[in-house]
Amino acid sequence: MLSGKNIVVGVTGGIAAYKAADVVSRLKKQGANVYVIMTEHSTKFVQPLTFQSISQNYVVTDMFEDPKTWDVEHISLAKRADLFLIVPATANIIGKVANGIADDMLTTTLMATLAPVYFALAMNTKMYENRIMQSNVKKLTDYGYQMILPESGRLACGDVGAGKLANPELIVQTVIDHFARPKPLSGKRILITAGPTREAIDPVRYITNHSSGKMGYAIAEKAVSQGAQVTLISGPTQLTPPVGVHYIPVVSTKDMFDAVMENLDVDVIIKAAAPADYKVVNYSSEKIKKNDAVMSMDFEKNPDILKRVGELKKHQILVGFAAETQNVEAYAKKKLIEKNLDFIVANDVTVKNAGFDVDTNIVTIYDKNGKTDAYDCMEKSEVALIILDKVAQKLQEK
Ligand code: CTP
């Protein structure tokens, strides 16, 4: 199942290091070429010879040693790898990689590779729960690194809780699944916007809308699992960015406009966000005090991000949304043309199960080639798959 795949296994210094031998053995049985890099600490737990015998490849332990049979530099392994698997991944390696430290063979190779990287976490429960460690994990997942989470159980140190290395069988299955998944968007770069934006009135108040961001986040998650490199530009939401996306948080429509303009060099742009169309003319740097009478406020227009992208686009597939309360078809088709889109996903937000902040949607997709597809109520994750199917089809037609 893994025949011909080059898998680099990084072994770090934890009690579970001996289990990495089982993982390497299972990878070999699946037909993979396995190259092991050991950190200095890990060699205190297991002898390099063990991995050398199982992998049948020279084990790299120190970047300054003579090349021996190995063809030198960390760069060659970084290039050769189809996948990196760090097992066990200690808090130390997570902290180093998350903070850009490259001071040994494993960390330099990891920094130099473009291959997907999986960390099979294993450490003491308290270390695992430590907020620095958790924020390092989050940082890495935001950058697109994958985590194989630890199991709960009795640890070598006697503590009971999460931190036990996942079962070697499951670790190897994760690697197999990685290569088995059909990936229609493999290598494609997709920019997705999501959520509402906020326009400040004074230091304590703002205007916004009911967008939850759920549709855009669902598309981002599915696009990652279909192999795309995803940049998610999102206004403030309650959601956690999906694992593996490059996440850019923004607040105002102007912020979102700037972030989109800086990230236009992609294959596909999907604008699921609901940016505020207006901002207040006179932002008050002091809190506005209440008065007895009616209050009025002037608003000026924000840039229409999608329209601008439609003017600038070259090869990109451009997908827009239309959230309407009336004349859905007419308004959606108008936006499709005026914003120069490939297709538009329209929904009537007044209909039950199709509005803001729910997990479902009822959409109709209007294509620039005149085709219309109307769908029943479905989960936003299913809508995401339909949108990405259409995107994949458009990319193929190019
Ligand atoms: N959009 C945008 N920038 C804006 C407003 C909207 O990029 N300032 C995008 C949205 O992300 C969506 C599409 O345009 O993909 C349609 O948004 P929608 O709010 O339905 O319509 P508007 O274009 O704002 O028009 P109107 O408010 O008149 O319905």
# chains A, B, ... in the order shown; residues from 1 in each chain; ligands from 1
call {"tool": "residues_near_ligand", "arguments": {"ligand": "ligand 1", "cutoff": "7 Å", "atoms": "only C-alpha atoms and all ligand atoms", "output": "list in words"}}
result
Thr253, Lys271, Ala272, Ala273, Ala274, Pro275, Ala276, Asp277, Asn302, Pro303, Asp304, Ile305, Leu306, Lys307, Gly320, Phe321, Ala322, Ala323, Glu324 and Lys335 of chain A
call {"tool": "write_last_selection", "arguments": {"atoms": "N, CA and C atoms", "output": "mmCIF file, in the first residue's frame"}}
result
data_model
loop_
_atom_site.group_PDB
_atom_site.id
_atom_site.type_symbol
_atom_site.label_atom_id
_atom_site.label_comp_id
_atom_site.auth_asym_id
_atom_site.auth_seq_id
_atom_site.Cartn_x
_atom_site.Cartn_y
_atom_site.Cartn_z
ATOM 1 N N THR A 253 -13.797 45.388 6.804
ATOM 2 C CA THR A 253 -13.840 45.068 5.366
ATOM 3 C C THR A 253 -12.552 45.532 4.687
ATOM 4 N N LYS A 271 -15.399 33.367 -2.205
ATOM 5 C CA LYS A 271 -15.704 34.460 -1.273
ATOM 6 C C LYS A 271 -16.994 34.180 -0.526
ATOM 7 N N ALA A 272 -16.859 33.422 0.571
ATOM 8 C CA ALA A 272 -18.025 33.077 1.367
ATOM 9 C C ALA A 272 -18.280 34.100 2.471
ATOM 10 N N ALA A 273 -17.434 35.097 2.582
ATOM 11 C CA ALA A 273 -17.579 36.081 3.666
ATOM 12 C C ALA A 273 -18.768 36.996 3.431
ATOM 13 N N ALA A 274 -19.221 37.607 4.506
ATOM 14 C CA ALA A 274 -20.261 38.636 4.414
ATOM 15 C C ALA A 274 -19.648 39.943 4.918
ATOM 16 N N PRO A 275 -18.842 40.604 4.085
ATOM 17 C CA PRO A 275 -18.198 41.833 4.552
ATOM 18 C C PRO A 275 -19.235 42.947 4.696
ATOM 19 N N ALA A 276 -19.063 43.767 5.717
ATOM 20 C CA ALA A 276 -19.970 44.908 5.909
ATOM 21 C C ALA A 276 -19.808 45.829 4.711
ATOM 22 N N ASP A 277 -20.941 46.235 4.109
ATOM 23 C CA ASP A 277 -20.881 47.068 2.900
ATOM 24 C C ASP A 277 -20.567 48.534 3.227
ATOM 25 N N ASN A 302 -17.932 50.704 1.712
ATOM 26 C CA ASN A 302 -16.682 49.939 1.745
ATOM 27 C C ASN A 302 -16.390 49.431 0.341
ATOM 28 N N PRO A 303 -15.153 49.029 0.070
ATOM 29 C CA PRO A 303 -14.894 48.430 -1.237
ATOM 30 C C PRO A 303 -15.651 47.104 -1.374
ATOM 31 N N ASP A 304 -16.120 46.815 -2.585
ATOM 32 C CA ASP A 304 -16.690 45.498 -2.861
ATOM 33 C C ASP A 304 -15.515 44.607 -3.278
ATOM 34 N N ILE A 305 -15.106 43.754 -2.364
ATOM 35 C CA ILE A 305 -13.883 42.958 -2.572
ATOM 36 C C ILE A 305 -14.037 42.042 -3.782
ATOM 37 N N LEU A 306 -15.164 41.348 -3.816
ATOM 38 C CA LEU A 306 -15.377 40.372 -4.890
ATOM 39 C C LEU A 306 -15.395 41.050 -6.259
ATOM 40 N N LYS A 307 -16.026 42.213 -6.306
ATOM 41 C CA LYS A 307 -16.105 42.929 -7.591
ATOM 42 C C LYS A 307 -14.693 43.283 -8.068
ATOM 43 N N GLY A 320 -18.592 33.231 -5.936
ATOM 44 C CA GLY A 320 -19.184 34.173 -4.985
ATOM 45 C C GLY A 320 -20.413 33.578 -4.326
ATOM 46 N N PHE A 321 -20.907 34.275 -3.338
ATOM 47 C CA PHE A 321 -22.131 33.881 -2.647
ATOM 48 C C PHE A 321 -23.133 35.025 -2.767
ATOM 49 N N ALA A 322 -24.408 34.680 -2.675
ATOM 50 C CA ALA A 322 -25.430 35.722 -2.641
ATOM 51 C C ALA A 322 -26.421 35.348 -1.544
ATOM 52 N N ALA A 323 -26.416 36.137 -0.479
ATOM 53 C CA ALA A 323 -27.368 35.906 0.605
ATOM 54 C C ALA A 323 -28.494 36.899 0.402
ATOM 55 N N GLU A 324 -29.674 36.386 0.083
ATOM 56 C CA GLU A 324 -30.779 37.275 -0.266
ATOM 57 C C GLU A 324 -31.990 37.038 0.626
ATOM 58 N N LYS A 335 -25.342 39.531 -9.714
ATOM 59 C CA LYS A 335 -24.016 39.516 -9.063
ATOM 60 C C LYS A 335 -23.035 38.647 -9.851
#
call {"tool": "residues_around", "arguments": {"residues": "A:Thr125", "least_positions_apart": "2", "cutoff": "6 Å", "atoms": "only C-alpha atoms", "output": "list of chain:residue names"}}
result
A:Met127, A:Tyr128, A:Gly161, A:Ala162, A:Gly163
call {"tool": "residues_around", "arguments": {"residues": "A:Pro116", "least_positions_apart": "4", "cutoff": "9 Å", "atoms": "only C-alpha atoms", "output": "list in words"}}
result
Ala81, Asp82, Leu83, Phe84, Leu85, Gly144, Tyr145 and Gln146 of chain A
call {"tool": "write_last_selection", "arguments": {"atoms": "N, CA, C and O atoms", "output": "PDB file, in the first residue's frame"}}
result
ATOM      1  N   ALA A  81      11.627  13.134   0.643  1.00  0.00           N
ATOM      2  CA  ALA A  81      10.495  12.639   1.436  1.00  0.00           C
ATOM      3  C   ALA A  81       9.152  12.858   0.751  1.00  0.00           C
ATOM      4  O   ALA A  81       8.887  13.925   0.223  1.00  0.00           O
ATOM      5  N   ASP A  82       8.311  11.806   0.769  1.00  0.00           N
ATOM      6  CA  ASP A  82       6.906  11.982   0.389  1.00  0.00           C
ATOM      7  C   ASP A  82       6.104  12.336   1.624  1.00  0.00           C
ATOM      8  O   ASP A  82       5.025  12.904   1.534  1.00  0.00           O
ATOM      9  N   LEU A  83       6.641  11.968   2.773  1.00  0.00           N
ATOM     10  CA  LEU A  83       5.946  12.257   4.031  1.00  0.00           C
ATOM     11  C   LEU A  83       6.942  12.159   5.186  1.00  0.00           C
ATOM     12  O   LEU A  83       7.837  11.316   5.153  1.00  0.00           O
ATOM     13  N   PHE A  84       6.791  13.041   6.143  1.00  0.00           N
ATOM     14  CA  PHE A  84       7.584  12.985   7.375  1.00  0.00           C
ATOM     15  C   PHE A  84       6.692  12.517   8.510  1.00  0.00           C
ATOM     16  O   PHE A  84       5.556  12.975   8.636  1.00  0.00           O
ATOM     17  N   LEU A  85       7.225  11.623   9.333  1.00  0.00           N
ATOM     18  CA  LEU A  85       6.467  11.140  10.488  1.00  0.00           C
ATOM     19  C   LEU A  85       7.375  11.253  11.700  1.00  0.00           C
ATOM     20  O   LEU A  85       8.438  10.618  11.729  1.00  0.00           O
ATOM     21  N   GLY A 144      -0.332  24.021   8.902  1.00  0.00           N
ATOM     22  CA  GLY A 144      -0.599  22.869   8.039  1.00  0.00           C
ATOM     23  C   GLY A 144       0.067  21.576   8.483  1.00  0.00           C
ATOM     24  O   GLY A 144      -0.006  20.579   7.773  1.00  0.00           O
ATOM     25  N   TYR A 145       0.756  21.590   9.619  1.00  0.00           N
ATOM     26  CA  TYR A 145       1.320  20.325  10.141  1.00  0.00           C
ATOM     27  C   TYR A 145       0.167  19.490  10.710  1.00  0.00           C
ATOM     28  O   TYR A 145      -0.808  20.022  11.216  1.00  0.00           O
ATOM     29  N   GLN A 146       0.329  18.168  10.628  1.00  0.00           N
ATOM     30  CA  GLN A 146      -0.722  17.268  11.098  1.00  0.00           C
ATOM     31  C   GLN A 146      -0.321  16.651  12.432  1.00  0.00           C
ATOM     32  O   GLN A 146       0.850  16.351  12.637  1.00  0.00           O
TER      33      GLN A 146
END
call {"tool": "atom_distance", "arguments": {"atom1": "atom CA of A:Val345", "atom2": "atom CA of A:Ala332"}}
result
7.9 Å
call {"tool": "closest_residue", "arguments": {"among": "A:Cys377, A:Ile37, A:Ala228, A:Val250", "to": "A:Pro182", "atoms": "only C-alpha atoms"}}
result
A:Ala228
call {"tool": "residues_around", "arguments": {"residues": "stretch 52-55 of chain A", "least_positions_apart": "5", "cutoff": "7 Å", "atoms": "only C-alpha atoms", "output": "PDB file with C-alpha atoms, in the first residue's frame"}}
result
ATOM      1  CA  VAL A  24       9.231   1.569  11.078  1.00  0.00           C
ATOM      2  CA  SER A  25       8.833  -2.177  10.785  1.00  0.00           C
ATOM      3  CA  LYS A  28       8.577  -1.390   5.711  1.00  0.00           C
ATOM      4  CA  VAL A  34      12.028   4.363   5.339  1.00  0.00           C
ATOM      5  CA  TYR A  35      14.792   6.758   6.363  1.00  0.00           C
TER       6      TYR A  35
END
call {"tool": "select_by_dssp", "arguments": {"residues": "stretch 210-376 of chain A", "states": "strand (DSSP E or B)", "output": "VMD selection string"}}
result
chain A and resid 229 to 234 246 to 249 268 to 271 274 278 to 280 299 to 301 317 to 324 343 to 348 360 to 361 364 to 367 372 to 374
call {"tool": "closest_residue", "arguments": {"among": "A:Ser252, A:Ile219, A:Ser285, A:Thr325", "to": "A:Glu379", "atoms": "only C-alpha atoms"}}
result
A:Ile219
call {"tool": "residues_around", "arguments": {"residues": "A:Met38", "least_positions_apart": "4", "cutoff": "9 Å", "atoms": "only C-alpha atoms", "output": "PyMOL selection string"}}
result
chain A and resi 9-13+42-43+48+59-62+105-106
call {"tool": "write_last_selection", "arguments": {"atoms": "N, CA, C and O atoms", "output": "mmCIF file, in the first residue's frame"}}
result
data_model
loop_
_atom_site.group_PDB
_atom_site.id
_atom_site.type_symbol
_atom_site.label_atom_id
_atom_site.label_comp_id
_atom_site.auth_asym_id
_atom_site.auth_seq_id
_atom_site.Cartn_x
_atom_site.Cartn_y
_atom_site.Cartn_z
ATOM 1 N N VAL A 9 11.214 9.036 8.963
ATOM 2 C CA VAL A 9 10.724 8.926 10.339
ATOM 3 C C VAL A 9 11.715 9.657 11.253
ATOM 4 O O VAL A 9 12.910 9.332 11.279
ATOM 5 N N GLY A 10 11.232 10.642 11.974
ATOM 6 C CA GLY A 10 12.055 11.351 12.944
ATOM 7 C C GLY A 10 11.772 10.784 14.324
ATOM 8 O O GLY A 10 10.614 10.723 14.745
ATOM 9 N N VAL A 11 12.816 10.325 14.998
ATOM 10 C CA VAL A 11 12.614 9.747 16.334
ATOM 11 C C VAL A 11 13.178 10.737 17.353
ATOM 12 O O VAL A 11 14.334 11.157 17.239
ATOM 13 N N THR A 12 12.347 11.137 18.322
ATOM 14 C CA THR A 12 12.838 12.079 19.339
ATOM 15 C C THR A 12 12.882 11.391 20.707
ATOM 16 O O THR A 12 12.398 10.264 20.864
ATOM 17 N N GLY A 13 13.465 12.080 21.651
ATOM 18 C CA GLY A 13 13.827 11.445 22.905
ATOM 19 C C GLY A 13 12.735 11.322 23.945
ATOM 20 O O GLY A 13 12.655 12.097 24.896
ATOM 21 N N SER A 42 17.186 10.838 21.581
ATOM 22 C CA SER A 42 16.505 9.566 21.317
ATOM 23 C C SER A 42 17.481 8.403 21.331
ATOM 24 O O SER A 42 17.106 7.268 21.627
ATOM 25 N N THR A 43 18.775 8.701 21.029
ATOM 26 C CA THR A 43 19.757 7.606 21.003
ATOM 27 C C THR A 43 20.060 7.093 22.407
ATOM 28 O O THR A 43 20.661 6.045 22.580
ATOM 29 N N PRO A 48 20.785 3.432 17.425
ATOM 30 C CA PRO A 48 20.576 3.638 15.979
ATOM 31 C C PRO A 48 20.604 2.329 15.195
ATOM 32 O O PRO A 48 19.885 2.158 14.213
ATOM 33 N N VAL A 59 21.100 5.224 9.371
ATOM 34 C CA VAL A 59 20.337 6.101 10.268
ATOM 35 C C VAL A 59 21.139 7.368 10.539
ATOM 36 O O VAL A 59 22.310 7.302 10.923
ATOM 37 N N VAL A 60 20.498 8.506 10.325
ATOM 38 C CA VAL A 60 21.191 9.774 10.518
ATOM 39 C C VAL A 60 20.982 10.242 11.958
ATOM 40 O O VAL A 60 19.853 10.297 12.442
ATOM 41 N N THR A 61 22.086 10.518 12.637
ATOM 42 C CA THR A 61 21.953 10.945 14.026
ATOM 43 C C THR A 61 22.578 12.304 14.284
ATOM 44 O O THR A 61 22.247 12.965 15.242
ATOM 45 N N ASP A 62 23.501 12.721 13.435
ATOM 46 C CA ASP A 62 24.213 13.962 13.742
ATOM 47 C C ASP A 62 24.590 14.643 12.436
ATOM 48 O O ASP A 62 25.262 14.061 11.596
ATOM 49 N N MET A 105 19.961 17.714 12.925
ATOM 50 C CA MET A 105 19.596 17.146 11.623
ATOM 51 C C MET A 105 18.074 17.098 11.431
ATOM 52 O O MET A 105 17.563 17.453 10.363
ATOM 53 N N LEU A 106 17.359 16.656 12.485
ATOM 54 C CA LEU A 106 15.909 16.510 12.322
ATOM 55 C C LEU A 106 15.236 17.866 12.112
ATOM 56 O O LEU A 106 14.435 18.035 11.189
#
call {"tool": "select_by_dssp", "arguments": {"residues": "stretch 3-161 of chain A", "states": "helix (DSSP H, G or I)", "output": "count of residues only"}}
result
65
call {"tool": "closest_residue", "arguments": {"among": "A:Ile192, A:Ala17, A:Leu388, A:Leu239", "to": "A:Gly213", "atoms": "only C-alpha atoms"}}
result
A:Leu239
call {"tool": "closest_residue", "arguments": {"among": "A:Ala220, A:Ile94, A:Val281, A:Val117", "to": "A:Asp202", "atoms": "only C-alpha atoms"}}
result
A:Val281
call {"tool": "residues_around", "arguments": {"residues": "A:Leu155", "least_positions_apart": "2", "cutoff": "10 Å", "atoms": "only C-alpha atoms", "output": "list in words"}}
result
Ile15, Ala16, Ala122, Met123, Asn124, Thr125, Glu151, Ser152, Gly153, Cys157, Gly158, Asp159, Val160, Gly161, Ala162, Gly163, Lys164 and Leu165 of chain A
